[in-house]
Amino acid sequence: MSDSTFYVTTPIYYVNDAPHIGHGYTTTIGDVLTRWHRQRGERVWYLTGTDEHGQKVLRKAQANGVSPQEWVDRLVENEWKPLLRTIDAANDDYIRTTEARHEAGAKAFWSALHEAGAVYKGSFSGYYSVGSEEFVADEYVADGEGDDAGHKVSTLDGSRLEHMTEENYFFRLSDYAERLLELYREHPEFVQPASARNEVVSFVERGLRDLSISRSTFDWGIKVPWDDKHVMYVWVEALLNYLTAAGYGVDQERFEELWPASIHLVGKDIVRFHAVIWPAMLMAAGLPVPQQVFAHGWLLVGGQKMSKSKANGIHPTELVDTFGSDAYRYYFTRALTFGSDGSISWEDIAARYTAELANGFGNLASRVAAMIGKYFDGALPASGEQTAAEQKVVDTVAAAVAEADAAIDAVAPQDAMTAVWRIVDELNGYLTEQEPWKVAKDEAQRDRLATIMATAAEGLRVLAVVLNPVMPKACAALWESLGAEGPLGPLADQRLDDVARWGQLPAGTPVTKGPALFPRLELDAPQA
RNA sequence: GGGGCGGUAGCUCAGCCGGUCAGAGCAGAGGACUCAUAAUCCUUGGGUCGUGGGUUCGAGCCCCACCCGCCCUACCA
């Protein structure tokens with residue numbers, strides 16, 4: 001694990017949609033995971049990007065009277081890249097499927113498939129909607145009524161359908177059912193969580209059909225290398241981004257460093273593409289499969305799956321404008337079980353902001369900094385003799401850090417936060433019990449007071465480091481408040497495997513009380 | 001039709017291979033304290049663990065049936 005790069009991907013988002021919190025969710029979790037691994041000192045590569053080809057994009061561009069390239073450029077610059085800044089994502093790369101490196105890599109991959117004999121020319125037949133210019137899956141085909149009697153119609157838009165046959169290239173997906181099942185058996189971690197794995201296994205057990213992987217009725221896509229009348233079917237082309245961004249076909253050295261990916265984060269709606277089609281294609285091309293495909297669940301707003309059509313779609317900006325990117329990141333990390341569906345609400349975000357961030361973590365930082373300022377003129381005192389109370393803090397911190405670290409490995413960021421919060425609670429309780437404000441009144445107990453302050457400051461030091469992957473802005477402010485950069489170096493360089501070692505902040509470190517990390521918010525009714 | 005996941009205190013959720021598993025957080029109630037962002041700390045919850053059967057010495061946790069919700073059952077992405 002540690003000798004190769006921890007390579008994490010989000011799906012590349014289809015530019016036709018506007019970003020919503022579902023996209024932000026996936027990207028946030030990936031960002032938390034990768035920041036955490038970076039602070040372990042691992043080599044990390046975090047990739048996200050956009051999927052920009054396909055008929056829908058073409059049509060949308062035409063409807064807006066611009067070229068598809070202009071259209072996607074506009075969306076990427078105005079919508080998608082800003083999302084990353086909004087949620088404070090630290091991705092290492094951003095792949096666009098309209099980039100030359102993607103086109104070159106995708107073509108190289110197709111050639112490899114072709115040479116391996118995994119592709120053949122065949123015909124795809126099905127019901128075609130002339131109105132919407134696309135094939136309609138059988139489940140959406142119904143017998144027409146009234147004027148349409150005697151014809152098939154689409155249940156999607158009611159348009160009349162014709163049975164058509166189109167010549168396409170096919171991928172021999174059916175050859176891979178056994179090998180895929182073997183993969184799932186031998187590597188149960190390949191598809192996670194178990195619910196997603198079950199779906200995938202049962203799907204494959206029913207047998208696989210070959211997959212039509214090219215289109216010839218429109219041209220907004222990457223041309224098939226040996227037949228420029230065809231463009232690659234956008235789904236299989238999009239999957240290739242994980243390879244092409246890693247340098248496949250254009251930078252072999254980089255590719256070998258990065259591939260195979262450690263985790264593909266995906267929504268559960270697209271798990272099949274990632275856990276069935278994708279590994280089969282890689283097998284066909286003679287490449288290793290990714291180590292894990294992790295499917296997360298839906299965000300439910302008011303008990304319903306979030307969607308624009310139900311008017312409960314929320315733009316990440318709405319939340320970030322009110323609560324800030326740190327709180328946004330914290331909320332999605334803490335409040336949801338990654339891999340399961342989960343409910344979110346404005347009220348819940350507000351409640352957690354107040355209870356956990358402002359009153360819990362933020363206030364803790366304030367009271368400690370205030371007391372060190374008041375009792376020691378802002379110079380961190382040297383700890384005196386430690387009692388059982390201090391030892392309990394030290395032990396709690398060590399256990400919490402270890403537990404959080406294990407949770408991150410299990411792709412359970414919510415459990416990592418639960419563990420870390422035990423430190424917050426322990427520290428708040430420690431201060432209440434030790435009553436340093438009373439100890440301060442007795443000059444004879446100066447040493448005891450110093451010990452309490454030093455212990456609390458050390459606890460904050462650990463929190464700043466451990467929470468930095470989730471809340472980089474607040475933790476930077478805390479690091480500043482602790483005056484830690486001088487003696488210990490930049491926050492991002494603090495290693496998680498060393499963070500629990502006690503007594504790192506030297507005596508004399510200048511502690512200052514800055515603005516509240518999470519100021520209390522006067523919140524009105526939800527905006528949405 | 002076949003399959004998957006879920007249905008646990010007002011709310012959001014934990015509960016691994018069955019035996020302190022009936023829990024946490026929040027909300028509500030009472031108390032303590034004052035360093036702090038009117039913050040913190042302590043105490044306080046008696047919820048048929050969807051319904052009905054069954055297996056077992058013992059079942060939220062296993063089996064069967066049923067009810068409810070969401071999802072998958074391939075080429076929109």
# chains A, B, ... in the order shown; residues from 1 in each chain; ligands from 1
>>> closest_atom_pairs(of="chain B", to="chain A", cutoff="8 Å", atoms="only C-alpha atoms (C1' of nucleotides)", output="JSON lines")
{"residue": "B:G3", "atom": "C1'", "partner": "A:Ser202", "partner_atom": "CA", "distance": 7.1}
{"residue": "B:G4", "atom": "C1'", "partner": "A:Glu199", "partner_atom": "CA", "distance": 5.7}
{"residue": "B:C5", "atom": "C1'", "partner": "A:Ser195", "partner_atom": "CA", "distance": 6.2}
{"residue": "B:U12", "atom": "C1'", "partner": "A:Ser343", "partner_atom": "CA", "distance": 7.6}
{"residue": "B:C26", "atom": "C1'", "partner": "A:Ala351", "partner_atom": "CA", "distance": 7.6}
{"residue": "B:C33", "atom": "C1'", "partner": "A:Thr432", "partner_atom": "CA", "distance": 7.9}
{"residue": "B:C35", "atom": "C1'", "partner": "A:Arg367", "partner_atom": "CA", "distance": 5.6}
{"residue": "B:A36", "atom": "C1'", "partner": "A:Arg367", "partner_atom": "CA", "distance": 3.9}
{"residue": "B:U37", "atom": "C1'", "partner": "A:Asn363", "partner_atom": "CA", "distance": 5.7}
{"residue": "B:A39", "atom": "C1'", "partner": "A:Asn359", "partner_atom": "CA", "distance": 5.8}
{"residue": "B:U40", "atom": "C1'", "partner": "A:Asn428", "partner_atom": "CA", "distance": 6.6}
{"residue": "B:C41", "atom": "C1'", "partner": "A:Thr432", "partner_atom": "CA", "distance": 5.8}
{"residue": "B:C72", "atom": "C1'", "partner": "A:Glu199", "partner_atom": "CA", "distance": 6.5}
{"residue": "B:U73", "atom": "C1'", "partner": "A:Phe203", "partner_atom": "CA", "distance": 7.5}
{"residue": "B:C75", "atom": "C1'", "partner": "A:Ser212", "partner_atom": "CA", "distance": 6.4}
{"residue": "B:C76", "atom": "C1'", "partner": "A:Lys56", "partner_atom": "CA", "distance": 7.5}
{"residue": "B:A77", "atom": "C1'", "partner": "A:Tyr14", "partner_atom": "CA", "distance": 6.5}
>>> write_last_selection(atoms="C-alpha atoms (C1' of nucleotides)", output="CSV table (one decimal), in the first residue's frame")
chain,number,residue,atom,x,y,z
B,3,G,C1',-33.0,-9.8,-6.8
B,4,G,C1',-30.7,-6.1,-3.3
B,5,C,C1',-31.0,-2.7,0.8
B,12,U,C1',-30.8,11.5,12.6
B,26,C,C1',-29.5,16.1,19.0
B,33,C,C1',-19.9,26.1,37.0
B,35,C,C1',-12.0,30.1,31.5
B,36,A,C1',-14.9,30.4,26.8
B,37,U,C1',-18.6,31.7,20.9
B,39,A,C1',-20.4,28.4,25.6
B,40,U,C1',-19.0,23.9,29.2
B,41,C,C1',-19.9,19.8,32.7
B,72,C,C1',-31.2,-3.1,-9.5
B,73,U,C1',-33.2,-6.3,-13.5
B,75,C,C1',-26.4,0.4,-23.8
B,76,C,C1',-29.5,8.9,-21.5
B,77,A,C1',-25.1,10.0,-19.0
>>> select_by_dssp(residues="region 215-348 of chain A", states="strand (DSSP E or B)", output="list of chain:residue names")
A:Arg215, A:Lys223, A:Val224, A:Asp227, A:Asp228, A:Lys229, A:His230, A:Val231, A:Met232, A:Ile263, A:His264, A:Leu265, A:Val266, A:Gly267, A:Val293, A:Phe294, A:Ala295, A:His296, A:Leu299, A:Leu300, A:Val301, A:Gln304, A:Lys305, A:Gly342, A:Ser343, A:Ile344
>>> atom_distance(atom1="CA of Ala112 (chain A)", atom2="CA of Gly286 (chain A)")
8.6 Å
>>> select_by_dssp(residues="region 118-337 of chain A", states="helix (DSSP H, G or I)", output="number ranges by chain")
A: 138-140, 146-148, 173-186, 188-190, 194-205, 234-239, 241-244, 252-258, 268-284, 316-323, 325-334
>>> residues_around(residues="Pro506 (chain A)", least_positions_apart="4", cutoff="12 Å", atoms="only C-alpha atoms (C1' of nucleotides)", output="list in words")
Ala379, Leu380, Pro381, Ala382, Ser383, Ala454, Thr455, Ala457, Glu458, Arg461, Leu482, Gly483, Ala484, Glu485, Gly486, Pro487, Leu488, Trp502, Pro510 and Val511 of chain A
>>> closest_atom_pairs(of="region 405-489 of chain A", to="region 35-49 of chain A", cutoff="10 Å", atoms="only C-alpha atoms", output="CSV")
residue,atom,partner,partner_atom,distance
A:Asp405,CA,A:Trp36,CA,8.5
A:Ile408,CA,A:Trp36,CA,7.8
A:Asp409,CA,A:His37,CA,9.1
A:Val465,CA,A:Gln39,CA,8.6
A:Val466,CA,A:Trp36,CA,8.1
A:Leu467,CA,A:Trp36,CA,9.0
A:Asn468,CA,A:Arg35,CA,8.0
A:Pro469,CA,A:Arg35,CA,4.9
A:Val470,CA,A:Arg35,CA,8.0
A:Pro472,CA,A:Arg35,CA,9.5
>>> write_last_selection(atoms="all heavy atoms", output="short mmCIF file (atom, residue, chain, number, x, y, z; two decimals), in the first residue's frame")
data_model
loop_
_atom_site.label_atom_id
_atom_site.label_comp_id
_atom_site.auth_asym_id
_atom_site.auth_seq_id
_atom_site.Cartn_x
_atom_site.Cartn_y
_atom_site.Cartn_z
N ASP A 405 -7.86 6.64 12.19
CA ASP A 405 -7.00 6.20 11.10
C ASP A 405 -7.52 4.88 10.50
O ASP A 405 -7.57 4.72 9.28
CB ASP A 405 -5.58 6.01 11.64
CG ASP A 405 -4.56 6.03 10.51
OD1 ASP A 405 -4.59 6.98 9.70
OD2 ASP A 405 -3.74 5.10 10.45
N ILE A 408 -10.59 5.53 8.36
CA ILE A 408 -10.29 6.05 7.03
C ILE A 408 -9.89 4.91 6.10
O ILE A 408 -10.30 4.85 4.94
CB ILE A 408 -9.16 7.11 7.09
CG1 ILE A 408 -9.65 8.36 7.84
CG2 ILE A 408 -8.68 7.46 5.69
CD1 ILE A 408 -10.76 9.13 7.15
N ASP A 409 -9.15 3.98 6.60
CA ASP A 409 -8.79 2.83 5.78
C ASP A 409 -10.01 2.02 5.37
O ASP A 409 -10.04 1.40 4.32
CB ASP A 409 -7.80 1.92 6.53
CG ASP A 409 -6.37 2.38 6.33
OD1 ASP A 409 -6.10 3.08 5.33
OD2 ASP A 409 -5.52 2.03 7.17
N VAL A 465 -4.32 18.94 13.64
CA VAL A 465 -3.70 18.04 12.66
C VAL A 465 -4.71 17.03 12.13
O VAL A 465 -4.83 16.79 10.93
CB VAL A 465 -2.49 17.31 13.28
CG1 VAL A 465 -1.94 16.28 12.31
CG2 VAL A 465 -1.42 18.32 13.69
N VAL A 466 -5.43 16.45 13.04
CA VAL A 466 -6.33 15.36 12.67
C VAL A 466 -7.57 15.85 11.91
O VAL A 466 -8.14 15.15 11.10
CB VAL A 466 -6.73 14.60 13.95
CG1 VAL A 466 -7.88 13.68 13.70
CG2 VAL A 466 -5.55 13.82 14.48
N LEU A 467 -7.96 17.09 12.21
CA LEU A 467 -9.14 17.62 11.51
C LEU A 467 -8.76 18.39 10.24
O LEU A 467 -9.63 18.78 9.47
CB LEU A 467 -9.94 18.53 12.46
CG LEU A 467 -10.68 17.77 13.56
CD1 LEU A 467 -11.31 18.74 14.55
CD2 LEU A 467 -11.76 16.86 12.96
N ASN A 468 -7.49 18.58 10.04
CA ASN A 468 -7.06 19.34 8.87
C ASN A 468 -7.55 18.74 7.55
O ASN A 468 -7.94 19.49 6.65
CB ASN A 468 -5.53 19.45 8.86
CG ASN A 468 -5.02 20.40 7.79
OD1 ASN A 468 -5.54 21.49 7.64
ND2 ASN A 468 -4.04 19.96 7.02
N PRO A 469 -7.60 17.44 7.41
CA PRO A 469 -8.13 16.89 6.15
C PRO A 469 -9.60 17.25 5.91
O PRO A 469 -10.04 17.30 4.78
CB PRO A 469 -7.98 15.38 6.32
CG PRO A 469 -6.88 15.21 7.31
CD PRO A 469 -7.05 16.37 8.27
N VAL A 470 -10.31 17.50 6.98
CA VAL A 470 -11.74 17.78 6.83
C VAL A 470 -12.01 19.28 6.82
O VAL A 470 -12.81 19.78 6.04
CB VAL A 470 -12.54 17.12 7.98
CG1 VAL A 470 -14.03 17.41 7.82
CG2 VAL A 470 -12.28 15.62 8.00
N PRO A 472 -9.72 22.30 6.58
CA PRO A 472 -8.40 22.91 6.45
C PRO A 472 -8.35 24.39 6.83
O PRO A 472 -7.33 24.84 7.35
CB PRO A 472 -8.05 22.70 4.96
CG PRO A 472 -9.33 22.36 4.29
CD PRO A 472 -10.21 21.72 5.30
#
>>> residues_around(residues="Asp251 (chain A)", least_positions_apart="6", cutoff="10 Å", atoms="only C-alpha atoms (C1' of nucleotides)", output="VMD selection string")
chain A and resid 101 105 244 to 245
>>> write_last_selection(atoms="C-alpha atoms", output="JSON list (two decimals), in the first residue's frame")
[["chain", "number", "residue", "atom", "x", "y", "z"],
["A", 101, "ARG", "CA", -4.35, 13.63, -23.68],
["A", 105, "GLY", "CA", -5.10, 7.70, -24.51],
["A", 244, "THR", "CA", -5.85, 8.62, -19.69],
["A", 245, "ALA", "CA", -5.44, 11.06, -16.81]]
>>> residues_around(residues="C62 (chain B)", least_positions_apart="4", cutoff="12 Å", atoms="only C-alpha atoms (C1' of nucleotides)", output="PyMOL selection string")
chain B and resi 17-18+54-56
>>> atom_distance(atom1="CA of Asp326 (chain A)", atom2="CA of Leu427 (chain A)")
21.3 Å
